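Report on the structure given below.
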Amino acid sequence: APHEPPPPDTDPGRYEGRTLPADLPVLEPVDFDAPDPTDWTAVPFLEEVTDRHLTARPPLEPLLTERSSTAILNAALTTLVRDDGEPDIDALVEAFARGIPLTRLPRAPRPTLRFGVQVLVDRGDGMQPFRRDQQELTRRITGLVGAELTQTRYFADAPNRGTGPGSPWTWQPYRPPSPGTRVLVVSDLGVGGPVLHPRRASVAEWYRVCDEIVRAGCTVLALVPYPVTRVPAELTPLLAALTWDRTTTVSTVAALVGRRR
């Protein structure tokens, strides 16, 4: 006769051949209810994509933080003067203590924007991603310094190739501003842009431009959208380079500009 399976274990105290504790509670069966069906008619539909969505530009997030951009620009563009500040008490005391005769009253340095600023804005291929940031920056500078004291000049890749306040076909050979004016260069100084950029500015070009500005009695501050470690070392004796991004603070600018005064 064929082998037949053993009869099922009917002892409630046993489970699969194992003896269960006598005091083990027996679970009562519970009811199971399916979740409520989703009312898909209540789900909001996405707005239909139109030409406006495809052509509208996203809101601008400036490279300088909104809350501190004015203070950063003020620290970057001010010049220290000593001819009309408050009397320098410490210098007076030291002169009296040493018995040094004074031919003029020493005065404490005072920051001022009265010498104005010349903003050189690079429109070359390397700065193409920052067009809107450049517009916002020049607007803020004009509001801070004043339209009468702000010169905005555009160029492509290097100022010695021509600059001007309008369209490229109106650009003229670059000329430095009057002595004492702060020159703010908004450029990548030839270190950014496409790898095979045929019009990339050379270090020699920028050296000649900065040297001309310094010889004219002005100071140069470069606002670069890259780490300042990428700025060519040959240019650092002639200009102060500042990283143009949200990590820049007022104290960073003050320390940098203070070393160049």
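Note on naming: chains are A, B, ... as they come in the structure tokens, residues start from 1 per chain, ligands start from 1 in the order shown.
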Considering only C-alpha atoms, give me a table of residues in range 96-182 of chain A that are at most 7 Å from range 207-223 of chain A, with the closest atom pair and distance in Å for each, as a tab-separated table.
residue	atom	partner	partner_atom	distance
A:Asn160	CA	A:Val209	CA	6.5
A:Pro176	CA	A:Ile213	CA	5.5
A:Pro179	CA	A:Gly217	CA	4.5
A:Gly180	CA	A:Cys218	CA	5.0
A:Thr181	CA	A:Cys218	CA	5.4
A:Arg182	CA	A:Thr219	CA	5.3
Mind dumping the selected residues with N, CA, C and O atoms as a PDB file, in the first residue's frame?
ATOM      1  N   ASN A 160      41.989  97.147 -23.709  1.00  0.00           N
ATOM      2  CA  ASN A 160      42.858  97.795 -24.688  1.00  0.00           C
ATOM      3  C   ASN A 160      42.396  97.574 -26.124  1.00  0.00           C
ATOM      4  O   ASN A 160      42.908  98.193 -27.055  1.00  0.00           O
ATOM      5  N   PRO A 176      42.409 105.747 -19.009  1.00  0.00           N
ATOM      6  CA  PRO A 176      42.143 105.711 -17.571  1.00  0.00           C
ATOM      7  C   PRO A 176      41.417 106.973 -17.107  1.00  0.00           C
ATOM      8  O   PRO A 176      41.509 108.026 -17.757  1.00  0.00           O
ATOM      9  N   PRO A 179      43.041 110.967 -11.784  1.00  0.00           N
ATOM     10  CA  PRO A 179      43.734 110.392 -10.614  1.00  0.00           C
ATOM     11  C   PRO A 179      42.829 110.311  -9.388  1.00  0.00           C
ATOM     12  O   PRO A 179      41.999 111.191  -9.139  1.00  0.00           O
ATOM     13  N   GLY A 180      42.996 109.237  -8.642  1.00  0.00           N
ATOM     14  CA  GLY A 180      42.209 109.020  -7.431  1.00  0.00           C
ATOM     15  C   GLY A 180      40.958 108.207  -7.641  1.00  0.00           C
ATOM     16  O   GLY A 180      40.338 107.759  -6.666  1.00  0.00           O
ATOM     17  N   THR A 181      40.553 107.998  -8.884  1.00  0.00           N
ATOM     18  CA  THR A 181      39.336 107.235  -9.168  1.00  0.00           C
ATOM     19  C   THR A 181      39.585 105.746  -8.962  1.00  0.00           C
ATOM     20  O   THR A 181      40.614 105.219  -9.365  1.00  0.00           O
ATOM     21  N   ARG A 182      38.634 105.077  -8.334  1.00  0.00           N
ATOM     22  CA  ARG A 182      38.716 103.627  -8.202  1.00  0.00           C
ATOM     23  C   ARG A 182      38.221 102.989  -9.505  1.00  0.00           C
ATOM     24  O   ARG A 182      37.147 103.344  -9.993  1.00  0.00           O
TER      25      ARG A 182
END
Excluding same-chain residues fewer than 6 positions from Thr65 in chain A, what lies within 10 Å of it counting only C-alpha atoms, as a PyMOL selection string?
chain A and resi 72+245-249
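When CA of Leu73 in chain A is paired with CA of Pro111 in chain A, their separation reads 12.9 Å.
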What's around Arg199 in chain A at 10 Å? Count only C-alpha atoms, leave out sequence neighbours fewer than 3 positions away in its own chain, and write the answer as number ranges by chain.
A: 124-126, 156-158, 190, 196, 202
Selection above as a file: N, CA, C and O atoms, as a PDB file, in the first residue's frame:
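Output (selection-v9.pdb):
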ATOM      1  N   GLY A 124      32.811  89.860 -23.028  1.00  0.00           N
ATOM      2  CA  GLY A 124      33.355  88.768 -23.809  1.00  0.00           C
ATOM      3  C   GLY A 124      32.631  87.462 -23.564  1.00  0.00           C
ATOM      4  O   GLY A 124      31.776  87.342 -22.673  1.00  0.00           O
ATOM      5  N   ASP A 125      33.015  86.452 -24.342  1.00  0.00           N
ATOM      6  CA  ASP A 125      32.348  85.150 -24.237  1.00  0.00           C
ATOM      7  C   ASP A 125      32.503  84.533 -22.859  1.00  0.00           C
ATOM      8  O   ASP A 125      31.611  83.828 -22.376  1.00  0.00           O
ATOM      9  N   GLY A 126      33.631  84.767 -22.204  1.00  0.00           N
ATOM     10  CA  GLY A 126      33.863  84.179 -20.897  1.00  0.00           C
ATOM     11  C   GLY A 126      32.924  84.687 -19.821  1.00  0.00           C
ATOM     12  O   GLY A 126      32.693  84.007 -18.815  1.00  0.00           O
ATOM     13  N   ALA A 156      35.186  93.900 -24.587  1.00  0.00           N
ATOM     14  CA  ALA A 156      35.122  92.465 -24.830  1.00  0.00           C
ATOM     15  C   ALA A 156      36.499  91.862 -24.650  1.00  0.00           C
ATOM     16  O   ALA A 156      37.421  92.195 -25.407  1.00  0.00           O
ATOM     17  N   ASP A 157      36.651  91.073 -23.605  1.00  0.00           N
ATOM     18  CA  ASP A 157      37.859  90.290 -23.313  1.00  0.00           C
ATOM     19  C   ASP A 157      38.992  91.132 -22.735  1.00  0.00           C
ATOM     20  O   ASP A 157      39.619  90.726 -21.757  1.00  0.00           O
ATOM     21  N   ALA A 158      39.310  92.292 -23.307  1.00  0.00           N
ATOM     22  CA  ALA A 158      40.388  93.139 -22.785  1.00  0.00           C
ATOM     23  C   ALA A 158      40.088  94.594 -23.136  1.00  0.00           C
ATOM     24  O   ALA A 158      39.727  94.891 -24.291  1.00  0.00           O
ATOM     25  N   GLY A 190      40.467  86.704 -18.396  1.00  0.00           N
ATOM     26  CA  GLY A 190      40.966  85.742 -19.361  1.00  0.00           C
ATOM     27  C   GLY A 190      41.113  84.324 -18.856  1.00  0.00           C
ATOM     28  O   GLY A 190      41.638  83.479 -19.580  1.00  0.00           O
ATOM     29  N   LEU A 196      38.458  76.696 -26.075  1.00  0.00           N
ATOM     30  CA  LEU A 196      39.032  77.115 -27.356  1.00  0.00           C
ATOM     31  C   LEU A 196      38.598  78.524 -27.742  1.00  0.00           C
ATOM     32  O   LEU A 196      38.448  78.836 -28.921  1.00  0.00           O
ATOM     33  N   SER A 202      45.062  87.838 -23.099  1.00  0.00           N
ATOM     34  CA  SER A 202      46.312  87.310 -22.569  1.00  0.00           C
ATOM     35  C   SER A 202      46.693  88.040 -21.290  1.00  0.00           C
ATOM     36  O   SER A 202      46.196  89.132 -20.998  1.00  0.00           O
TER      37      SER A 202
END
Looking only at the backbone, which of the residues in range 25-256 of chain A does DSSP tag as helix (DSSP H, G or I), as an MDAnalysis selection string?
chainID A and resid 40:42 51:55 69:77 89:98 125:145 147:149 159:161 168:170 203:215 228:230 233:235 250:256
With distances taken over only C-alpha atoms, which residue among A:Pro227, A:Pro194, A:Pro237, A:Pro62 lies nearest Arg131 in chain A?
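The closest residue to Arg131 in chain A is A:Pro62.
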As an MDAnalysis selection string, please: every residue in range 54-192 of chain A that DSSP puts in strand (DSSP E or B).
chainID A and resid 79:81 87 107 110:112 117:122 150:155 163:164 172 182:186
Suppose we keep N, CA, C and O atoms; can you now write the selection as an mmCIF file, in the first residue's frame?
data_model
loop_
_atom_site.group_PDB
_atom_site.id
_atom_site.type_symbol
_atom_site.label_atom_id
_atom_site.label_comp_id
_atom_site.auth_asym_id
_atom_site.auth_seq_id
_atom_site.Cartn_x
_atom_site.Cartn_y
_atom_site.Cartn_z
ATOM 1 N N THR A 79 37.534 105.413 -0.909
ATOM 2 C CA THR A 79 38.944 105.776 -0.855
ATOM 3 C C THR A 79 39.206 106.541 0.424
ATOM 4 O O THR A 79 38.365 107.338 0.855
ATOM 5 N N LEU A 80 40.343 106.294 1.048
ATOM 6 C CA LEU A 80 40.698 106.990 2.285
ATOM 7 C C LEU A 80 41.383 108.310 1.959
ATOM 8 O O LEU A 80 42.322 108.354 1.157
ATOM 9 N N VAL A 81 40.923 109.384 2.579
ATOM 10 C CA VAL A 81 41.545 110.706 2.420
ATOM 11 C C VAL A 81 41.927 111.228 3.801
ATOM 12 O O VAL A 81 41.303 110.894 4.814
ATOM 13 N N PRO A 87 40.848 115.696 13.358
ATOM 14 C CA PRO A 87 42.253 115.700 13.800
ATOM 15 C C PRO A 87 42.663 114.343 14.367
ATOM 16 O O PRO A 87 41.903 113.707 15.100
ATOM 17 N N ARG A 107 45.500 114.585 10.342
ATOM 18 C CA ARG A 107 44.086 114.236 10.367
ATOM 19 C C ARG A 107 43.916 112.732 10.197
ATOM 20 O O ARG A 107 44.720 112.075 9.530
ATOM 21 N N ARG A 110 39.659 109.281 6.383
ATOM 22 C CA ARG A 110 38.199 109.217 6.286
ATOM 23 C C ARG A 110 37.811 108.601 4.951
ATOM 24 O O ARG A 110 38.298 109.026 3.894
ATOM 25 N N PRO A 111 36.949 107.580 4.965
ATOM 26 C CA PRO A 111 36.529 106.976 3.692
ATOM 27 C C PRO A 111 35.576 107.891 2.936
ATOM 28 O O PRO A 111 34.719 108.554 3.520
ATOM 29 N N THR A 112 35.717 107.936 1.618
ATOM 30 C CA THR A 112 34.861 108.785 0.799
ATOM 31 C C THR A 112 34.674 108.164 -0.577
ATOM 32 O O THR A 112 35.502 107.367 -1.042
ATOM 33 N N VAL A 117 33.997 106.328 -9.442
ATOM 34 C CA VAL A 117 34.423 104.987 -9.832
ATOM 35 C C VAL A 117 34.232 104.814 -11.335
ATOM 36 O O VAL A 117 33.293 105.345 -11.924
ATOM 37 N N GLN A 118 35.169 104.112 -11.931
ATOM 38 C CA GLN A 118 35.024 103.697 -13.322
ATOM 39 C C GLN A 118 34.820 102.182 -13.335
ATOM 40 O O GLN A 118 35.662 101.439 -12.834
ATOM 41 N N VAL A 119 33.707 101.746 -13.886
ATOM 42 C CA VAL A 119 33.370 100.325 -13.920
ATOM 43 C C VAL A 119 33.642 99.810 -15.327
ATOM 44 O O VAL A 119 33.030 100.266 -16.301
ATOM 45 N N LEU A 120 34.563 98.871 -15.442
ATOM 46 C CA LEU A 120 34.875 98.233 -16.717
ATOM 47 C C LEU A 120 34.188 96.876 -16.752
ATOM 48 O O LEU A 120 34.555 95.967 -15.991
ATOM 49 N N VAL A 121 33.186 96.733 -17.615
ATOM 50 C CA VAL A 121 32.344 95.541 -17.662
ATOM 51 C C VAL A 121 32.731 94.711 -18.887
ATOM 52 O O VAL A 121 32.634 95.182 -20.024
ATOM 53 N N ASP A 122 33.151 93.491 -18.643
ATOM 54 C CA ASP A 122 33.589 92.586 -19.700
ATOM 55 C C ASP A 122 32.377 91.919 -20.354
ATOM 56 O O ASP A 122 31.620 91.200 -19.701
ATOM 57 N N THR A 150 29.874 108.016 -11.591
ATOM 58 C CA THR A 150 30.039 106.644 -12.066
ATOM 59 C C THR A 150 30.228 106.629 -13.576
ATOM 60 O O THR A 150 29.377 107.124 -14.318
ATOM 61 N N GLN A 151 31.355 106.093 -14.020
ATOM 62 C CA GLN A 151 31.597 105.868 -15.440
ATOM 63 C C GLN A 151 31.493 104.369 -15.713
ATOM 64 O O GLN A 151 32.245 103.592 -15.134
ATOM 65 N N THR A 152 30.607 103.979 -16.579
ATOM 66 C CA THR A 152 30.473 102.571 -16.957
ATOM 67 C C THR A 152 30.965 102.411 -18.384
ATOM 68 O O THR A 152 30.455 103.064 -19.300
ATOM 69 N N ARG A 153 31.964 101.561 -18.548
ATOM 70 C CA ARG A 153 32.543 101.319 -19.866
ATOM 71 C C ARG A 153 32.511 99.815 -20.148
ATOM 72 O O ARG A 153 32.907 99.014 -19.294
ATOM 73 N N TYR A 154 32.059 99.450 -21.331
ATOM 74 C CA TYR A 154 31.991 98.054 -21.726
ATOM 75 C C TYR A 154 33.142 97.713 -22.670
ATOM 76 O O TYR A 154 33.639 98.569 -23.405
ATOM 77 N N PHE A 155 33.550 96.464 -22.640
ATOM 78 C CA PHE A 155 34.600 95.983 -23.525
ATOM 79 C C PHE A 155 34.405 94.482 -23.719
ATOM 80 O O PHE A 155 33.546 93.868 -23.080
ATOM 81 N N THR A 163 36.792 100.353 -25.639
ATOM 82 C CA THR A 163 35.764 100.439 -24.599
ATOM 83 C C THR A 163 34.789 101.553 -24.954
ATOM 84 O O THR A 163 35.077 102.422 -25.782
ATOM 85 N N GLY A 164 33.650 101.534 -24.300
ATOM 86 C CA GLY A 164 32.683 102.594 -24.503
ATOM 87 C C GLY A 164 31.428 102.356 -23.702
ATOM 88 O O GLY A 164 31.188 101.254 -23.210
ATOM 89 N N GLN A 172 35.943 103.118 -28.279
ATOM 90 C CA GLN A 172 37.162 103.855 -28.590
ATOM 91 C C GLN A 172 38.319 103.273 -27.778
ATOM 92 O O GLN A 172 38.114 102.495 -26.852
ATOM 93 N N ARG A 182 38.634 105.077 -8.334
ATOM 94 C CA ARG A 182 38.716 103.627 -8.202
ATOM 95 C C ARG A 182 38.221 102.989 -9.505
ATOM 96 O O ARG A 182 37.147 103.344 -9.993
ATOM 97 N N VAL A 183 38.999 102.078 -10.057
ATOM 98 C CA VAL A 183 38.624 101.361 -11.275
ATOM 99 C C VAL A 183 38.202 99.947 -10.870
ATOM 100 O O VAL A 183 39.003 99.181 -10.331
ATOM 101 N N LEU A 184 36.936 99.629 -11.109
ATOM 102 C CA LEU A 184 36.395 98.303 -10.793
ATOM 103 C C LEU A 184 36.282 97.507 -12.091
ATOM 104 O O LEU A 184 35.501 97.857 -12.981
ATOM 105 N N VAL A 185 37.058 96.450 -12.208
ATOM 106 C CA VAL A 185 37.043 95.592 -13.391
ATOM 107 C C VAL A 185 36.146 94.391 -13.109
ATOM 108 O O VAL A 185 36.425 93.610 -12.194
ATOM 109 N N VAL A 186 35.083 94.246 -13.872
ATOM 110 C CA VAL A 186 34.163 93.117 -13.732
ATOM 111 C C VAL A 186 34.461 92.159 -14.882
ATOM 112 O O VAL A 186 33.921 92.290 -15.985
#
